[in-house]
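These notes are about the structure you will find just below.
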Amino acid sequence: GENVEQHPSTLSVQEGDSAVIKCTYSDSASNYFPWYKQELGKGPQLIIDIRSNVGEKKDQRIAVTLNKTAKHFSLHITETQPEDSAVYFCAARRTTNTGNQFYFGTGTSLTVIP
Amino acid sequence: GAVVSQHPSWVICKSGTSVKIECRSLDFQATTMFWYRQFPKQSLMLMATSNEGSKATYEQGVEKDKFLINHASLTLSTLTVTSAHPEDSSFYICSARRQGAGNSPLHFGNGTRLTVT
């Protein structure tokens with residue numbers, strides 16, 4: 001099966017600085033990599049995703065990069081704001097003959113210090 | 001678009017009772033929904049995959065008779081925690097994918113905080 005590792009588990013940055021969260025995966029068959037933001041007491045919300053045929057994707061202050069050869073992908077948040085504070089999860093989707101299966105990282109608790 | 005509604009958002013029940021949690025896709029049809037359990041400061045643990053019109057597929061270690069899943073329509077899946085015990089207290093989250101959209105992402109509900117006293 002797939003194994004997704006995520007680092008760091010906690011991250012504190014000053015407001016305005018950048019934050020980077022990294023994930024690695026093990027199965028080269030994984031072809032879709034979403035990132036989710038989970039605020040306290042709420043369900044995860046999709047913030048950005050990338051497919052295996054793309055190396056980088058950007059949406060305003062958020063970007064994701066994918067290195068298929070090395071099997072790792074990263075979330076980059078620039079000009080961080082206090083409202084970016086949350087837990088972020090990466091995931092990898094693997095397609096099998098029985099359907100799609102998502103595997104989640106262990107999460108990164110991001111704190112943006114005003 | 002792609003809103004998933006989960007109800008209730010929190011519930012407190014006595015040990016031995018059963019609790020039903022609903023997961024609805026509000027603006028799309030979902031042949032497949034997923035149920036997760038999340039412990040404090042931990043990642044999502046997939047419990048089962050709910051398939052419309054057929055039996056759910058449970059992950060290893062998850063008791064089928066304990067966590068009953070029913071996916072009766074393309075917009076509704078329910079998780080029933082039967083004979084709940086304090087160790088079942090947790091945050092339960094559902095997610096759904098749009099039917100027929102092979103590359104669509106997961107959309108999550110806001111979770112249900114279950115406390116068993």
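Labeling convention for the structure tokens: chains A, B, ... as they appear, residues from 1 per chain, ligands from 1 in order of appearance.
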Taking only C-alpha atoms into account, what are the residues of chain A at most 12 Å from chain B, put as an MDAnalysis selection string?
-> chainID A and resid 4:6 9:10 31:52 86:95 98:109
Keeping only N, CA and C atoms, take the residues you just selected and write them out as a tab-separated table (two decimals), in the first residue's frame.
```tsv
chain	number	residue	atom	x	y	z
A	4	VAL	N	2.33	7.70	3.55
A	4	VAL	CA	2.56	9.14	3.41
A	4	VAL	C	3.15	9.68	4.71
A	5	GLU	N	4.29	10.32	4.61
A	5	GLU	CA	4.92	10.92	5.77
A	5	GLU	C	4.92	12.44	5.62
A	6	GLN	N	4.70	13.12	6.71
A	6	GLN	CA	4.56	14.58	6.68
A	6	GLN	C	5.45	15.20	7.75
A	9	SER	N	5.77	18.24	12.27
A	9	SER	CA	4.49	18.03	12.94
A	9	SER	C	3.97	19.34	13.50
A	10	THR	N	4.87	20.24	13.88
A	10	THR	CA	4.48	21.57	14.34
A	10	THR	C	5.39	22.60	13.68
A	31	ASN	N	-1.31	9.34	-7.94
A	31	ASN	CA	-1.34	10.30	-9.05
A	31	ASN	C	-2.05	11.62	-8.74
A	32	TYR	N	-2.44	11.77	-7.48
A	32	TYR	CA	-3.18	13.01	-7.14
A	32	TYR	C	-2.87	13.34	-5.69
A	33	PHE	N	-2.55	14.64	-5.44
A	33	PHE	CA	-2.06	15.01	-4.12
A	33	PHE	C	-2.76	16.27	-3.64
A	34	PRO	N	-3.77	16.12	-2.80
A	34	PRO	CA	-4.47	17.30	-2.26
A	34	PRO	C	-3.88	17.72	-0.92
A	35	TRP	N	-4.11	18.96	-0.58
A	35	TRP	CA	-3.75	19.49	0.73
A	35	TRP	C	-5.02	20.02	1.39
A	36	TYR	N	-5.14	19.72	2.69
A	36	TYR	CA	-6.32	20.13	3.43
A	36	TYR	C	-5.93	20.97	4.63
A	37	LYS	N	-6.78	21.92	4.95
A	37	LYS	CA	-6.61	22.77	6.13
A	37	LYS	C	-7.73	22.45	7.10
A	38	GLN	N	-7.37	22.14	8.32
A	38	GLN	CA	-8.39	21.83	9.32
A	38	GLN	C	-8.30	22.80	10.48
A	39	GLU	N	-9.33	23.57	10.65
A	39	GLU	CA	-9.41	24.48	11.79
A	39	GLU	C	-10.02	23.73	12.97
A	40	LEU	N	-9.79	24.25	14.13
A	40	LEU	CA	-10.19	23.58	15.36
A	40	LEU	C	-11.69	23.26	15.36
A	41	GLY	N	-12.01	22.00	15.58
A	41	GLY	CA	-13.40	21.60	15.69
A	41	GLY	C	-14.14	21.48	14.37
A	42	LYS	N	-13.43	21.59	13.26
A	42	LYS	CA	-14.06	21.51	11.95
A	42	LYS	C	-13.46	20.40	11.11
A	43	GLY	N	-14.13	20.07	10.03
A	43	GLY	CA	-13.60	19.08	9.11
A	43	GLY	C	-12.54	19.68	8.21
A	44	PRO	N	-11.72	18.87	7.59
A	44	PRO	CA	-10.68	19.38	6.67
A	44	PRO	C	-11.30	20.01	5.44
A	45	GLN	N	-10.70	21.07	4.99
A	45	GLN	CA	-11.15	21.76	3.79
A	45	GLN	C	-10.03	21.74	2.75
A	46	LEU	N	-10.37	21.39	1.54
A	46	LEU	CA	-9.38	21.37	0.46
A	46	LEU	C	-8.90	22.79	0.17
A	47	ILE	N	-7.59	22.97	0.13
A	47	ILE	CA	-7.07	24.30	-0.16
A	47	ILE	C	-6.33	24.34	-1.50
A	48	ILE	N	-5.70	23.26	-1.87
A	48	ILE	CA	-5.02	23.20	-3.16
A	48	ILE	C	-4.72	21.74	-3.46
A	49	ASP	N	-4.59	21.42	-4.73
A	49	ASP	CA	-4.25	20.06	-5.10
A	49	ASP	C	-3.37	20.07	-6.34
A	50	ILE	N	-2.71	18.95	-6.59
A	50	ILE	CA	-1.85	18.85	-7.76
A	50	ILE	C	-1.91	17.43	-8.30
A	51	ARG	N	-1.90	17.33	-9.61
A	51	ARG	CA	-1.93	16.01	-10.23
A	51	ARG	C	-0.53	15.64	-10.69
A	52	SER	N	-0.35	14.36	-10.93
A	52	SER	CA	1.01	13.86	-11.15
A	52	SER	C	1.63	14.33	-12.46
A	86	ALA	N	-3.63	26.69	11.62
A	86	ALA	CA	-4.53	25.54	11.52
A	86	ALA	C	-3.66	24.29	11.43
A	87	VAL	N	-4.32	23.15	11.30
A	87	VAL	CA	-3.60	21.90	11.03
A	87	VAL	C	-3.75	21.61	9.54
A	88	TYR	N	-2.64	21.30	8.91
A	88	TYR	CA	-2.62	21.03	7.48
A	88	TYR	C	-2.29	19.55	7.25
A	89	PHE	N	-3.06	18.93	6.37
A	89	PHE	CA	-2.84	17.53	6.03
A	89	PHE	C	-2.54	17.40	4.54
A	90	CYS	N	-1.54	16.61	4.23
A	90	CYS	CA	-1.33	16.24	2.84
A	90	CYS	C	-1.98	14.88	2.62
A	91	ALA	N	-2.19	14.54	1.39
A	91	ALA	CA	-2.75	13.23	1.07
A	91	ALA	C	-2.26	12.80	-0.30
A	92	ALA	N	-2.26	11.50	-0.51
A	92	ALA	CA	-1.91	10.94	-1.80
A	92	ALA	C	-3.02	9.98	-2.21
A	93	ARG	N	-3.42	10.08	-3.45
A	93	ARG	CA	-4.47	9.19	-3.93
A	93	ARG	C	-3.87	8.14	-4.85
A	94	ARG	N	-4.22	6.91	-4.55
A	94	ARG	CA	-3.74	5.79	-5.34
A	94	ARG	C	-4.93	5.12	-5.99
A	95	THR	N	-4.84	4.88	-7.26
A	95	THR	CA	-5.95	4.25	-7.98
A	95	THR	C	-5.69	2.76	-8.12
A	98	THR	N	-10.08	-1.53	-7.56
A	98	THR	CA	-11.32	-1.44	-6.79
A	98	THR	C	-11.74	0.00	-6.57
A	99	GLY	N	-10.95	0.93	-7.08
A	99	GLY	CA	-11.32	2.33	-6.91
A	99	GLY	C	-10.15	3.17	-6.43
A	100	ASN	N	-10.47	4.40	-5.99
A	100	ASN	CA	-9.44	5.31	-5.50
A	100	ASN	C	-9.32	5.22	-3.99
A	101	GLN	N	-8.11	5.27	-3.51
A	101	GLN	CA	-7.86	5.23	-2.08
A	101	GLN	C	-6.99	6.42	-1.70
A	102	PHE	N	-7.41	7.16	-0.68
A	102	PHE	CA	-6.65	8.31	-0.21
A	102	PHE	C	-5.87	7.93	1.05
A	103	TYR	N	-4.63	8.38	1.11
A	103	TYR	CA	-3.78	8.15	2.27
A	103	TYR	C	-3.34	9.50	2.79
A	104	PHE	N	-3.51	9.71	4.10
A	104	PHE	CA	-3.25	11.02	4.68
A	104	PHE	C	-1.94	11.05	5.45
A	105	GLY	N	-1.31	12.20	5.42
A	105	GLY	CA	-0.17	12.44	6.30
A	105	GLY	C	-0.65	12.65	7.72
A	106	THR	N	0.27	12.79	8.63
A	106	THR	CA	-0.07	12.88	10.05
A	106	THR	C	-0.39	14.29	10.51
A	107	GLY	N	-0.28	15.25	9.60
A	107	GLY	CA	-0.70	16.61	9.92
A	107	GLY	C	0.43	17.48	10.44
A	108	THR	N	0.31	18.77	10.16
A	108	THR	CA	1.23	19.79	10.64
A	108	THR	C	0.43	20.90	11.29
A	109	SER	N	0.72	21.17	12.53
A	109	SER	CA	0.05	22.25	13.23
A	109	SER	C	0.83	23.54	13.00
```
Filtered DSSP result for chain A, state strand (DSSP E or B), as a ChimeraX atom specification | /A:5-7,10-14,19-24,30-38,45-51,56-59,62-67,72-77,86-96,99-104,108-113
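In terms of minimum interatomic distance to Thr57 of chain B, B:Trp35 ranks closest within B:Thr75, B:Gln29, B:Trp35, B:Ser18, counting only C-alpha atoms.
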Write out as a PyMOL selection string each polymer residue whose atoms come within 7 Å of Ser12 of chain A, counting only C-alpha atoms; drop sequence neighbours fewer than 4 positions from it.
-> chain A and resi 110-112
Name the residues in contact with Thr78 of chain A at a cut-off of 10 Å, using only C-alpha atoms, excluding same-chain residues fewer than 3 positions from it; report them as a tab-separated table (two decimals) with N, CA, C and O atoms, in the first residue's frame.
```tsv
chain	number	residue	atom	x	y	z
A	15	GLU	N	4.24	36.31	11.47
A	15	GLU	CA	3.34	36.84	10.44
A	15	GLU	C	4.14	37.51	9.33
A	15	GLU	O	5.06	38.29	9.59
A	16	GLY	N	3.79	37.16	8.10
A	16	GLY	CA	4.49	37.72	6.96
A	16	GLY	C	5.58	36.83	6.40
A	16	GLY	O	5.96	36.96	5.23
A	17	ASP	N	6.05	35.90	7.23
A	17	ASP	CA	7.06	34.94	6.75
A	17	ASP	C	6.39	33.83	5.96
A	17	ASP	O	5.16	33.72	5.92
A	18	SER	N	7.23	33.00	5.35
A	18	SER	CA	6.71	31.86	4.59
A	18	SER	C	6.72	30.60	5.44
A	18	SER	O	7.51	30.48	6.38
A	19	ALA	N	5.84	29.68	5.09
A	19	ALA	CA	5.78	28.38	5.76
A	19	ALA	C	5.83	27.29	4.70
A	19	ALA	O	5.19	27.41	3.65
A	20	VAL	N	6.61	26.25	4.99
A	20	VAL	CA	6.73	25.13	4.06
A	20	VAL	C	6.48	23.83	4.80
A	20	VAL	O	7.06	23.59	5.86
A	60	GLN	N	-2.76	32.19	-5.43
A	60	GLN	CA	-2.53	33.36	-4.58
A	60	GLN	C	-1.34	33.09	-3.66
A	60	GLN	O	-0.22	32.93	-4.14
A	61	ARG	N	-1.55	33.03	-2.36
A	61	ARG	CA	-0.41	32.86	-1.44
A	61	ARG	C	-0.01	31.40	-1.22
A	61	ARG	O	0.93	31.11	-0.49
A	62	ILE	N	-0.74	30.51	-1.83
A	62	ILE	CA	-0.49	29.08	-1.61
A	62	ILE	C	0.04	28.44	-2.88
A	62	ILE	O	-0.46	28.71	-3.97
A	63	ALA	N	1.04	27.60	-2.73
A	63	ALA	CA	1.59	26.88	-3.88
A	63	ALA	C	1.93	25.47	-3.45
A	63	ALA	O	2.20	25.20	-2.27
A	75	LEU	N	3.91	21.97	0.41
A	75	LEU	CA	2.97	23.10	0.45
A	75	LEU	C	3.74	24.33	0.88
A	75	LEU	O	4.48	24.29	1.86
A	81	GLN	N	-0.51	34.79	7.46
A	81	GLN	CA	-1.39	35.62	8.28
A	81	GLN	C	-1.90	34.79	9.45
A	81	GLN	O	-1.93	33.56	9.37
```
In terms of the shortest atom-to-atom distance over only C-alpha atoms, which of B:Lys20, B:Lys55, B:Lys66, B:Arg98 is closest to Thr82 of chain B?
->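 Once distances to Thr82 of chain B are computed over only C-alpha atoms, the minimum belongs to B:Lys66.
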From the set A:Thr96, A:Gln14, A:Thr24, A:Thr65, which residue has the shortest atom-to-atom contact distance to Thr80 of chain A, counting only C-alpha atoms?
->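 Of A:Thr96, A:Gln14, A:Thr24, A:Thr65, the one nearest Thr80 of chain A, counting only C-alpha atoms, is A:Gln14.
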Record the distance separating atom CA of Gln38 of chain B and atom CA of Ile21 of chain B, expressed in Å with one decimal.
->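 Between atom CA of Gln38 of chain B and atom CA of Ile21 of chain B the gap is 14.8 Å.
Between Phe67 of chain B and the residues B:Ser90, B:Ser54, B:Gln99, B:Ser83, the shortest atom-to-atom distance, using only C-alpha atoms, involves B:Ser83.
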Considering only C-alpha atoms, return as a PyMOL selection string whatever protein or nucleic-acid residues lie within 8 Å of Leu68 of chain B, sequence-local ones (same chain, fewer than 6 positions apart) excluded.
-> chain B and resi 78-82
Give me a file of those residues, with all heavy atoms, as an mmCIF file, in the first residue's frame.
```
data_model
loop_
_atom_site.group_PDB
_atom_site.id
_atom_site.type_symbol
_atom_site.label_atom_id
_atom_site.label_comp_id
_atom_site.auth_asym_id
_atom_site.auth_seq_id
_atom_site.Cartn_x
_atom_site.Cartn_y
_atom_site.Cartn_z
ATOM 1 N N THR B 78 -25.112 7.171 6.379
ATOM 2 C CA THR B 78 -25.216 7.291 7.830
ATOM 3 C C THR B 78 -24.271 6.324 8.511
ATOM 4 O O THR B 78 -24.027 5.215 8.024
ATOM 5 C CB THR B 78 -26.653 7.027 8.317
ATOM 6 O OG1 THR B 78 -27.037 5.690 7.973
ATOM 7 C CG2 THR B 78 -27.627 8.020 7.716
ATOM 8 N N LEU B 79 -23.742 6.764 9.633
ATOM 9 C CA LEU B 79 -22.893 5.943 10.486
ATOM 10 C C LEU B 79 -23.590 5.827 11.826
ATOM 11 O O LEU B 79 -23.893 6.849 12.455
ATOM 12 C CB LEU B 79 -21.519 6.579 10.665
ATOM 13 C CG LEU B 79 -20.611 5.982 11.746
ATOM 14 C CD1 LEU B 79 -20.168 4.581 11.353
ATOM 15 C CD2 LEU B 79 -19.383 6.867 11.980
ATOM 16 N N THR B 80 -23.867 4.613 12.260
ATOM 17 C CA THR B 80 -24.492 4.398 13.556
ATOM 18 C C THR B 80 -23.499 3.710 14.475
ATOM 19 O O THR B 80 -23.012 2.610 14.153
ATOM 20 C CB THR B 80 -25.772 3.546 13.433
ATOM 21 O OG1 THR B 80 -26.697 4.208 12.570
ATOM 22 C CG2 THR B 80 -26.424 3.357 14.803
ATOM 23 N N VAL B 81 -23.189 4.370 15.570
ATOM 24 C CA VAL B 81 -22.328 3.774 16.586
ATOM 25 C C VAL B 81 -23.254 3.038 17.546
ATOM 26 O O VAL B 81 -24.040 3.664 18.271
ATOM 27 C CB VAL B 81 -21.511 4.846 17.324
ATOM 28 C CG1 VAL B 81 -20.572 4.182 18.327
ATOM 29 C CG2 VAL B 81 -20.725 5.702 16.330
ATOM 30 N N THR B 82 -23.191 1.725 17.528
ATOM 31 C CA THR B 82 -24.110 0.936 18.333
ATOM 32 C C THR B 82 -23.517 0.635 19.703
ATOM 33 O O THR B 82 -22.306 0.471 19.849
ATOM 34 C CB THR B 82 -24.458 -0.383 17.631
ATOM 35 O OG1 THR B 82 -23.266 -1.148 17.483
ATOM 36 C CG2 THR B 82 -25.062 -0.139 16.266
#
```
